[in-house]
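This is query.txt (compact mmCIF, C-alpha atoms and all ligand atoms).
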# COMPACT_ATOMS: atom_id res chain seq x y z
CA MET A 1 116.98 94.77 133.91
CA ILE A 2 114.77 91.99 132.56
CA GLY A 3 112.50 94.68 131.18
CA LEU A 4 115.42 96.34 129.39
CA CYS A 5 116.65 93.00 127.96
CA THR A 6 113.16 92.24 126.66
CA LEU A 7 113.00 95.68 125.11
CA ILE A 8 116.37 95.22 123.37
CA LEU A 9 115.46 91.71 122.19
CA THR A 10 112.15 92.98 120.81
CA ALA A 11 113.94 95.76 118.96
CA VAL A 12 116.44 93.29 117.43
CA VAL A 13 113.70 90.89 116.32
CA HIS A 14 111.79 93.82 114.87
CA ALA A 15 114.85 94.95 112.92
CA ALA A 16 115.27 91.48 111.38
CA SER A 17 111.64 90.71 110.47
CA VAL A 18 108.31 90.26 112.20
CA ASP A 19 106.48 87.32 110.74
CA THR A 20 103.33 86.50 112.66
CA GLN A 21 100.71 83.79 112.35
CA ARG A 22 98.53 86.39 110.62
CA HIS A 23 101.23 86.90 107.96
CA ARG A 24 101.60 83.16 107.48
CA LEU A 25 97.84 82.78 106.97
CA ALA A 26 97.83 85.68 104.54
CA ARG A 27 100.68 84.00 102.62
CA ASP A 28 98.65 80.79 102.41
CA GLY A 29 95.81 82.83 100.92
CA MET A 30 98.24 84.36 98.42
CA LEU A 31 99.43 80.89 97.38
CA SER A 32 95.82 79.78 96.82
CA ALA A 33 95.23 82.80 94.59
CA ILE A 34 98.39 81.97 92.60
CA ARG A 35 97.19 78.36 92.15
CA ALA A 36 93.83 79.64 90.90
CA ASP A 37 95.55 82.01 88.40
CA TYR A 38 97.61 79.11 87.06
CA GLN A 39 94.39 77.20 86.38
CA ASP A 40 92.81 80.24 84.72
CA THR A 41 95.80 80.88 82.46
CA ALA A 42 96.74 77.25 81.76
CA ASN A 43 95.89 77.66 78.06
CA TYR A 44 98.49 80.41 77.69
CA ILE A 45 101.25 79.13 79.91
CA GLY A 46 100.97 75.43 79.03
CA GLN A 47 100.76 74.22 82.63
CA ASP A 48 97.99 74.34 85.21
CA ARG A 49 100.17 74.01 88.31
CA ALA A 50 103.05 76.01 89.69
CA ASP A 51 106.35 74.34 90.47
CA PRO A 52 105.98 73.29 94.13
CA ASP A 53 109.51 74.59 94.90
CA VAL A 54 108.51 78.04 93.67
CA LEU A 55 105.41 78.04 95.88
CA LEU A 56 107.52 76.83 98.80
CA ALA A 57 109.93 79.72 98.26
CA MET A 58 107.07 82.24 98.03
CA GLY A 59 105.56 80.77 101.18
CA LYS A 60 108.73 81.71 103.04
CA VAL A 61 109.43 85.25 101.86
CA PRO A 62 107.83 87.89 104.12
CA ARG A 63 106.25 90.00 101.31
CA HIS A 64 104.92 92.48 103.89
CA GLU A 65 108.53 93.53 104.51
CA PHE A 66 108.88 94.55 100.85
CA VAL A 67 105.95 96.97 100.63
CA PRO A 68 105.66 100.47 102.12
CA ARG A 69 104.24 100.56 105.63
CA GLY A 70 100.96 102.13 104.44
CA ALA A 71 100.32 99.26 101.99
CA ARG A 72 101.16 96.38 104.36
CA ARG A 73 97.59 95.27 104.86
CA HIS A 74 97.45 94.55 101.12
CA ALA A 75 100.89 92.91 100.98
CA TYR A 76 99.51 89.43 100.28
CA ALA A 77 96.74 90.46 97.90
CA ASN A 78 97.30 88.97 94.45
CA ARG A 79 98.02 92.30 92.79
CA PRO A 80 100.89 94.72 92.21
CA LEU A 81 101.38 97.50 94.78
CA PRO A 82 103.12 100.88 94.58
CA ILE A 83 106.59 101.04 96.14
CA GLY A 84 107.32 104.74 95.51
CA HIS A 85 109.14 106.56 92.68
CA GLY A 86 106.26 105.57 90.35
CA GLN A 87 107.27 101.88 90.54
CA THR A 88 105.55 98.71 91.69
CA ILE A 89 106.19 95.37 93.35
CA SER A 90 104.84 92.81 90.88
CA GLN A 91 101.69 90.75 91.40
CA PRO A 92 102.46 87.49 93.28
CA TYR A 93 101.11 85.32 90.42
CA ILE A 94 103.46 87.06 87.97
CA VAL A 95 106.42 86.62 90.34
CA ALA A 96 105.57 82.91 90.65
CA LEU A 97 105.17 82.48 86.89
CA MET A 98 108.38 84.31 85.96
CA THR A 99 110.34 82.35 88.57
CA ASP A 100 108.77 79.09 87.41
CA LEU A 101 109.50 79.78 83.72
CA LEU A 102 113.17 80.44 84.52
CA ASP A 103 113.39 76.74 85.50
CA VAL A 104 116.32 77.39 87.85
CA GLU A 105 118.57 74.89 89.59
CA ALA A 106 120.17 75.14 93.01
CA GLY A 107 123.65 76.06 91.79
CA ASP A 108 122.49 78.75 89.33
CA ARG A 109 123.64 82.36 89.10
CA ILE A 110 120.79 84.63 88.06
CA LEU A 111 120.62 88.21 86.81
CA GLU A 112 117.54 90.29 87.61
CA VAL A 113 116.97 93.62 85.84
CA GLY A 114 114.63 95.82 87.92
CA THR A 115 115.26 95.15 91.63
CA GLY A 116 112.36 97.39 92.75
CA SER A 117 111.59 96.30 96.30
CA GLY A 118 113.90 93.25 96.14
CA TYR A 119 110.98 90.79 96.48
CA GLN A 120 111.55 88.85 93.23
CA ALA A 121 115.26 88.65 94.09
CA ALA A 122 114.39 87.25 97.54
CA VAL A 123 112.15 84.56 96.01
CA LEU A 124 114.93 83.58 93.59
CA ALA A 125 117.51 83.61 96.37
CA ALA A 126 115.60 80.81 98.12
CA LEU A 127 116.07 78.63 95.00
CA VAL A 128 119.54 79.38 93.58
CA SER A 129 123.05 80.04 94.80
CA GLN A 130 123.50 83.67 93.70
CA VAL A 131 121.27 86.50 92.48
CA TYR A 132 122.66 89.69 90.91
CA SER A 133 120.08 92.45 90.66
CA ILE A 134 120.26 95.89 89.00
CA GLU A 135 117.93 98.82 89.71
CA ILE A 136 118.02 102.09 87.77
CA ILE A 137 116.46 104.27 90.52
CA GLU A 138 119.21 104.78 93.06
CA PRO A 139 117.10 105.25 96.22
CA LEU A 140 115.16 102.05 95.38
CA ALA A 141 118.43 100.14 94.87
CA GLU A 142 119.72 101.42 98.22
CA GLN A 143 116.48 100.61 100.07
CA ALA A 144 116.37 97.11 98.56
CA ARG A 145 120.02 96.50 99.45
CA GLN A 146 119.42 97.52 103.08
CA ARG A 147 116.15 95.57 103.32
CA LEU A 148 117.68 92.36 101.94
CA GLN A 149 120.65 92.70 104.26
CA ARG A 150 118.38 93.27 107.28
CA LEU A 151 116.33 90.20 106.36
CA GLY A 152 119.47 88.07 106.07
CA TYR A 153 119.61 87.43 102.30
CA SER A 154 123.36 86.98 101.89
CA ASN A 155 123.28 85.60 98.31
CA ILE A 156 121.83 88.70 96.61
CA THR A 157 124.00 91.51 95.27
CA VAL A 158 122.22 94.73 94.27
CA ARG A 159 123.65 97.63 92.33
CA ALA A 160 122.24 100.84 90.91
CA GLY A 161 122.56 101.14 87.14
CA ASP A 162 120.98 100.58 83.75
CA GLY A 163 120.23 96.87 83.51
CA TYR A 164 119.79 97.07 79.73
CA PHE A 165 123.54 96.50 79.56
CA GLY A 166 123.50 93.58 82.01
CA TRP A 167 126.33 93.00 84.46
CA ARG A 168 129.33 91.95 82.41
CA GLN A 169 131.58 91.41 85.42
CA HIS A 170 129.41 88.51 86.68
CA ALA A 171 128.31 87.11 83.30
CA PRO A 172 127.47 84.63 81.91
CA PHE A 173 124.24 83.87 83.78
CA ASP A 174 122.26 80.65 83.91
CA ALA A 175 119.06 82.68 83.65
CA ILE A 176 117.97 86.31 83.37
CA VAL A 177 114.70 87.88 84.48
CA VAL A 178 113.69 91.38 83.43
CA THR A 179 110.88 92.90 85.50
CA ALA A 180 110.20 96.04 83.40
CA ALA A 181 108.84 96.13 79.84
CA ALA A 182 111.45 96.63 77.13
CA SER A 183 110.75 97.71 73.53
CA HIS A 184 112.98 94.83 72.38
CA VAL A 185 115.10 92.08 73.90
CA PRO A 186 118.37 93.82 74.87
CA PRO A 187 121.27 92.29 72.87
CA PRO A 188 123.72 92.64 75.83
CA LEU A 189 121.43 90.41 77.89
CA ILE A 190 121.34 87.74 75.17
CA GLU A 191 125.12 87.91 75.05
CA GLN A 192 125.36 87.46 78.83
CA LEU A 193 123.08 84.41 78.88
CA LYS A 194 124.84 81.04 79.09
CA PRO A 195 124.24 78.51 76.29
CA GLY A 196 121.31 76.43 77.55
CA GLY A 197 120.05 79.46 79.53
CA ARG A 198 116.67 81.20 79.62
CA MET A 199 115.54 84.79 79.85
CA ILE A 200 112.02 85.87 80.85
CA ILE A 201 111.19 89.40 79.76
CA PRO A 202 108.07 91.50 79.10
CA VAL A 203 108.29 93.22 75.71
CA GLY A 204 106.07 96.03 74.46
CA THR A 205 105.33 99.66 75.26
CA ARG A 206 103.09 101.36 77.79
CA PHE A 207 100.43 101.93 75.12
CA MET A 208 100.62 98.55 73.40
CA VAL A 209 99.89 95.06 74.58
CA GLN A 210 103.00 93.76 76.26
CA GLU A 211 103.88 90.09 75.95
CA LEU A 212 105.84 88.04 78.43
CA LEU A 213 108.54 86.32 76.36
CA MET A 214 110.69 83.32 77.05
CA VAL A 215 114.02 83.63 75.26
CA VAL A 216 116.03 80.39 75.10
CA LYS A 217 119.66 80.14 74.06
CA ASP A 218 120.46 76.58 73.03
CA ASP A 219 123.74 74.78 73.60
CA ALA A 220 124.98 75.91 70.19
CA GLY A 221 124.16 79.55 71.00
CA SER A 222 121.04 79.85 68.76
CA VAL A 223 118.25 81.94 70.24
CA THR A 224 114.51 81.21 70.03
CA THR A 225 111.65 83.23 71.47
CA ARG A 226 108.22 82.11 72.66
CA GLN A 227 105.28 84.32 73.65
CA ILE A 228 103.80 83.28 76.97
CA LEU A 229 101.12 85.71 78.12
CA PRO A 230 99.90 89.31 77.68
CA VAL A 231 101.06 91.35 80.70
CA ARG A 232 101.37 94.90 81.97
CA PHE A 233 104.65 96.18 83.42
CA VAL A 234 106.23 99.55 84.10
CA PRO A 235 108.65 100.48 81.28
CA LEU A 236 112.34 99.68 81.13
CA THR A 237 113.89 103.14 81.25
CA GLY A 238 117.43 104.36 80.72
CA GLY A 239 119.51 105.92 78.00
CA HIS A 240 120.00 102.94 75.71
N1 LIG A 301 111.22 92.99 90.74
C1 LIG A 301 110.65 94.06 91.50
C2 LIG A 301 110.15 93.63 92.83
O1 LIG A 301 110.18 92.43 93.13
O2 LIG A 301 109.75 94.51 93.59
C3 LIG A 301 109.54 94.79 90.75
C4 LIG A 301 110.10 95.60 89.69
S1 LIG A 301 109.17 96.92 89.05
C5 LIG A 301 107.83 96.13 88.27
C6 LIG A 301 110.31 97.32 87.74
C7 LIG A 301 111.59 97.95 88.22
O3 LIG A 301 112.47 98.07 87.11
C8 LIG A 301 111.41 99.36 88.77
O4 LIG A 301 111.91 99.45 90.07
C9 LIG A 301 112.20 100.23 87.80
O5 LIG A 301 112.81 101.34 88.39
C10 LIG A 301 113.23 99.24 87.29
N2 LIG A 301 113.84 99.59 86.02
C11 LIG A 301 113.28 100.22 84.94
N3 LIG A 301 114.19 100.35 83.96
C12 LIG A 301 115.35 99.80 84.41
C13 LIG A 301 116.65 99.64 83.85
N4 LIG A 301 116.95 100.09 82.63
N5 LIG A 301 117.60 99.03 84.60
C14 LIG A 301 117.32 98.58 85.86
N6 LIG A 301 116.12 98.74 86.44
C15 LIG A 301 115.13 99.32 85.72
Take the structure in this file and express it as structure tokens.
Ligand code: SAM
Amino acid sequence: MIGLCTLILTAVVHAASVDTQRHRLARDGMLSAIRADYQDTANYIGQDRADPDVLLAMGKVPRHEFVPRGARRHAYANRPLPIGHGQTISQPYIVALMTDLLDVEAGDRILEVGTGSGYQAAVLAALVSQVYSIEIIEPLAEQARQRLQRLGYSNITVRAGDGYFGWRQHAPFDAIVVTAAASHVPPPLIEQLKPGGRMIIPVGTRFMVQELLMVVKDDAGSVTTRQILPVRFVPLTGGH
């Protein structure tokens, strides 16, 4: 009987998440690599340290749960990894930087375009009250939804769809993050950003240099754009 109980308990723990000392050490290594990248890119990004709250959030999220089983040993390497369907989970440094640049507050409602594995959404969910995330590839949206539910993230809502058009039903958003490269800043996303809000978005094509942009809408509704850093992302697809 005890044996059976142990077996059931083990299965339940496994279903939720297995986070071992080895994973925690690997996460510490990942945070060190992020800190080093901040130093190396300080001239571009205008800061040489990450927001400690962002690093704290990334130190909690079990990234190994967001990558395919075969790639788990690389889960905490500071690089993007394939997640199937020709897509990637972004490099940890880029996730940290994009989260940091959003400058979120605890009560914020955030829109993410490009759920992918759900990792960026999970990092944001540790910092804000609600994350809405849209993924254009249906099986990825479904997998991310199930994964986030299994891991207990109750403040993330995922839907399949074309994020170019935003999510009007839940707009306006305090901040918007786009995790695929667009050819231009989508006007519906600007519309759905609150006055005083920020959007972080890579802009450019697969064959050109892409730039990470910070789009700021001021309290009067005027929009300004600042280039942050050259980056490389998978393209924003869809019929727009
Ligand atoms: N944020 C993700 C994560 O943490 O795993 C990584 C995202 S991956 C770099 C970019 C994602 O954007 C892909 O999953 C891709 O299918 C999705 N995507 C591309 N175009 C899209 C669109 N128009 N609307 C929503 N998602 C889109």
Can you work out which one of A:Tyr76, A:Phe207, A:Tyr153, A:Phe165 has the shortest atom-to-atom distance to Glu135 of chain A, counting only C-alpha atoms? A:Phe165
Pick out the residues sitting within 8 Å of segment 62-67 of chain A, and hand them over as a list in words; count all atoms listed in the file, and ignore anything fewer than 3 positions along from it in its own chain.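 My reading of the contact set: Ser17, Asp19, His23, Ala71, Arg72, Arg73, Ala75, Tyr76, Leu81, Pro82, Ile83, Ile89, Ser117, Gly118, Tyr119 and Arg147 of chain A.
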Within 6 Å of ligand LIG 301 (chain A), which residues show up when you count all atoms listed in the file? List them as an NGL selection string, please. :A and (87-90 or 113-120 or 134-137 or 161-164 or 179-180 or 233-238)
What does the distance from atom CA of Gln227 of chain A to atom CA of Leu213 of chain A come to in Å, to one decimal?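 Here the two named atoms are 4.7 Å from each other.
Considering the residues A:Tyr93, A:Phe173, A:Tyr132, A:Trp167 and counting all atoms listed in the file, Val54 of chain A has its shortest atom-to-atom contact with A:Tyr93.
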Gap from atom CA of Met98 of chain A to atom CA of Arg150 of chain A - Å, one decimal: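 Atom-to-atom, atom CA of Met98 of chain A and atom CA of Arg150 of chain A are spaced 25.2 Å apart.
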Between atom CA of Leu148 of chain A and atom CA of Gly196 of chain A, what is the distance, to one decimal in Å? 29.4 Å
Looking at A:Met30, A:Ala144, A:Ala106, A:Leu56, which one is nearest to Pro92 of chain A, with distances taken over all atoms listed in the file?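 Ranking A:Met30, A:Ala144, A:Ala106, A:Leu56 by distance to Pro92 of chain A, first place goes to A:Met30.
Nearest to Met58 of chain A of all the residues A:Thr41, A:Thr225, A:Thr20, A:Thr99 is A:Thr99, based on all atoms listed in the file.
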Contact residues around Pro202 of chain A with all atoms listed in the file at 9 Å, ignoring same-chain residues under 3 positions, as a list in words: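 Those residues are Val178, Thr179, Ala180, Ala181, Ala182, Ser183, His184, Val185, Gln210, Glu211, Leu212, Leu213, Met214, Pro230, Val231, Arg232 and Phe233 of chain A.
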Pick from A:Ala96, A:Leu25, A:Val61, A:Gly70 nearest to Arg49 of chain A, counting all atoms listed in the file: A:Ala96
Using only C-alpha atoms, which of the listed residues (A:Ala175, A:Ala141, A:Ile45, A:Val104) sits closest to Met199 of chain A?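 Of A:Ala175, A:Ala141, A:Ile45, A:Val104, the one nearest Met199 of chain A, counting only C-alpha atoms, is A:Ala175.
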As a list in words, please: the residues near Asp108 of chain A (cut-off 10 Å, only C-alpha atoms, same-chain neighbours under 5 positions excluded). Leu124, Ala125, Leu127, Val128, Ser129, Gln130, Val131, Phe173, Asp174 and Ala175 of chain A
Could you save the residues just selected, with C-alpha atoms, as a PDB file, in the coordinates of the input?
ATOM      1  CA  LEU A 124     114.930  83.580  93.590  1.00  0.00           C
ATOM      2  CA  ALA A 125     117.510  83.610  96.370  1.00  0.00           C
ATOM      3  CA  LEU A 127     116.070  78.630  95.000  1.00  0.00           C
ATOM      4  CA  VAL A 128     119.540  79.380  93.580  1.00  0.00           C
ATOM      5  CA  SER A 129     123.050  80.040  94.800  1.00  0.00           C
ATOM      6  CA  GLN A 130     123.500  83.670  93.700  1.00  0.00           C
ATOM      7  CA  VAL A 131     121.270  86.500  92.480  1.00  0.00           C
ATOM      8  CA  PHE A 173     124.240  83.870  83.780  1.00  0.00           C
ATOM      9  CA  ASP A 174     122.260  80.650  83.910  1.00  0.00           C
ATOM     10  CA  ALA A 175     119.060  82.680  83.650  1.00  0.00           C
TER      11      ALA A 175
END
Is it possible to get the axis-aligned box enclosing segment 108-112 of chain A (all listed atoms, 4 Å extra per side) as JSON, with centre and edge lengths in Å rounded to one decimal?
{"center_x": 120.6, "center_y": 84.5, "center_z": 88.1, "size_x": 14.1, "size_y": 19.5, "size_z": 10.5}
Pick out the residues sitting within 10 Å of Leu55 of chain A, and hand them over as a count of residues only; count all atoms listed in the file, and ignore anything fewer than 6 positions along from it in its own chain. 10
Residue rebuild result segment 67-78 of chain A, all heavy atoms as a compact mmCIF listing (two decimals), in the coordinates of the input:
# COMPACT_ATOMS: atom_id res chain seq x y z
N VAL A 67 106.87 95.92 101.08
CA VAL A 67 105.95 96.97 100.63
C VAL A 67 105.98 98.12 101.64
O VAL A 67 106.33 97.92 102.80
CB VAL A 67 104.50 96.43 100.47
CG1 VAL A 67 104.46 95.25 99.52
CG2 VAL A 67 103.90 96.05 101.80
N PRO A 68 105.65 99.34 101.19
CA PRO A 68 105.66 100.47 102.12
C PRO A 68 104.68 100.22 103.28
O PRO A 68 103.65 99.54 103.10
CB PRO A 68 105.20 101.65 101.26
CG PRO A 68 105.38 101.21 99.85
CD PRO A 68 105.26 99.73 99.83
N ARG A 69 105.03 100.78 104.43
CA ARG A 69 104.24 100.56 105.63
C ARG A 69 102.73 100.76 105.39
O ARG A 69 101.92 99.95 105.82
CB ARG A 69 104.73 101.55 106.70
CG ARG A 69 104.57 101.07 108.10
CD ARG A 69 105.49 101.86 109.03
NE ARG A 69 106.82 101.29 109.11
CZ ARG A 69 107.12 100.20 109.82
NH1 ARG A 69 106.19 99.58 110.50
NH2 ARG A 69 108.35 99.76 109.86
N GLY A 70 102.37 101.81 104.66
CA GLY A 70 100.96 102.13 104.44
C GLY A 70 100.22 101.10 103.59
O GLY A 70 98.99 101.09 103.54
N ALA A 71 100.96 100.24 102.89
CA ALA A 71 100.32 99.26 101.99
C ALA A 71 100.38 97.85 102.57
O ALA A 71 99.98 96.89 101.91
CB ALA A 71 101.01 99.30 100.63
N ARG A 72 100.89 97.74 103.81
CA ARG A 72 101.16 96.38 104.36
C ARG A 72 99.93 95.50 104.46
O ARG A 72 100.02 94.29 104.29
CB ARG A 72 101.82 96.51 105.73
CG ARG A 72 103.25 96.94 105.56
CD ARG A 72 104.17 96.33 106.55
NE ARG A 72 105.52 96.68 106.12
CZ ARG A 72 106.51 96.95 106.92
NH1 ARG A 72 106.35 96.89 108.22
NH2 ARG A 72 107.69 97.27 106.43
N ARG A 73 98.78 96.14 104.71
CA ARG A 73 97.59 95.27 104.86
C ARG A 73 97.20 94.63 103.54
O ARG A 73 96.43 93.69 103.51
CB ARG A 73 96.44 96.03 105.54
CG ARG A 73 95.81 97.09 104.71
CD ARG A 73 95.10 98.10 105.58
NE ARG A 73 95.26 99.42 105.00
CZ ARG A 73 94.34 100.04 104.32
NH1 ARG A 73 93.17 99.49 104.17
NH2 ARG A 73 94.57 101.21 103.79
N HIS A 74 97.74 95.16 102.43
CA HIS A 74 97.45 94.55 101.12
C HIS A 74 98.61 93.70 100.61
O HIS A 74 98.59 93.24 99.47
CB HIS A 74 97.18 95.64 100.08
CG HIS A 74 96.08 96.57 100.46
ND1 HIS A 74 94.79 96.13 100.70
CD2 HIS A 74 96.07 97.90 100.67
CE1 HIS A 74 94.04 97.16 101.03
NE2 HIS A 74 94.79 98.24 101.03
N ALA A 75 99.63 93.52 101.46
CA ALA A 75 100.89 92.91 100.98
C ALA A 75 100.67 91.56 100.31
O ALA A 75 101.37 91.22 99.36
CB ALA A 75 101.87 92.76 102.14
N TYR A 76 99.70 90.78 100.81
CA TYR A 76 99.51 89.43 100.28
C TYR A 76 98.34 89.33 99.31
O TYR A 76 97.97 88.22 98.90
CB TYR A 76 99.38 88.43 101.44
CG TYR A 76 100.70 88.34 102.20
CD1 TYR A 76 100.90 89.05 103.38
CD2 TYR A 76 101.75 87.59 101.68
CE1 TYR A 76 102.12 89.00 104.04
CE2 TYR A 76 102.98 87.53 102.33
CZ TYR A 76 103.16 88.24 103.51
OH TYR A 76 104.37 88.19 104.15
N ALA A 77 97.77 90.48 98.94
CA ALA A 77 96.74 90.46 97.90
C ALA A 77 97.42 90.11 96.57
O ALA A 77 98.57 90.48 96.35
CB ALA A 77 96.08 91.82 97.81
N ASN A 78 96.69 89.41 95.70
CA ASN A 78 97.30 88.97 94.45
C ASN A 78 97.26 90.10 93.41
O ASN A 78 96.59 90.00 92.39
CB ASN A 78 96.58 87.73 93.94
CG ASN A 78 97.30 87.08 92.77
OD1 ASN A 78 98.50 87.29 92.56
ND2 ASN A 78 96.57 86.30 91.98
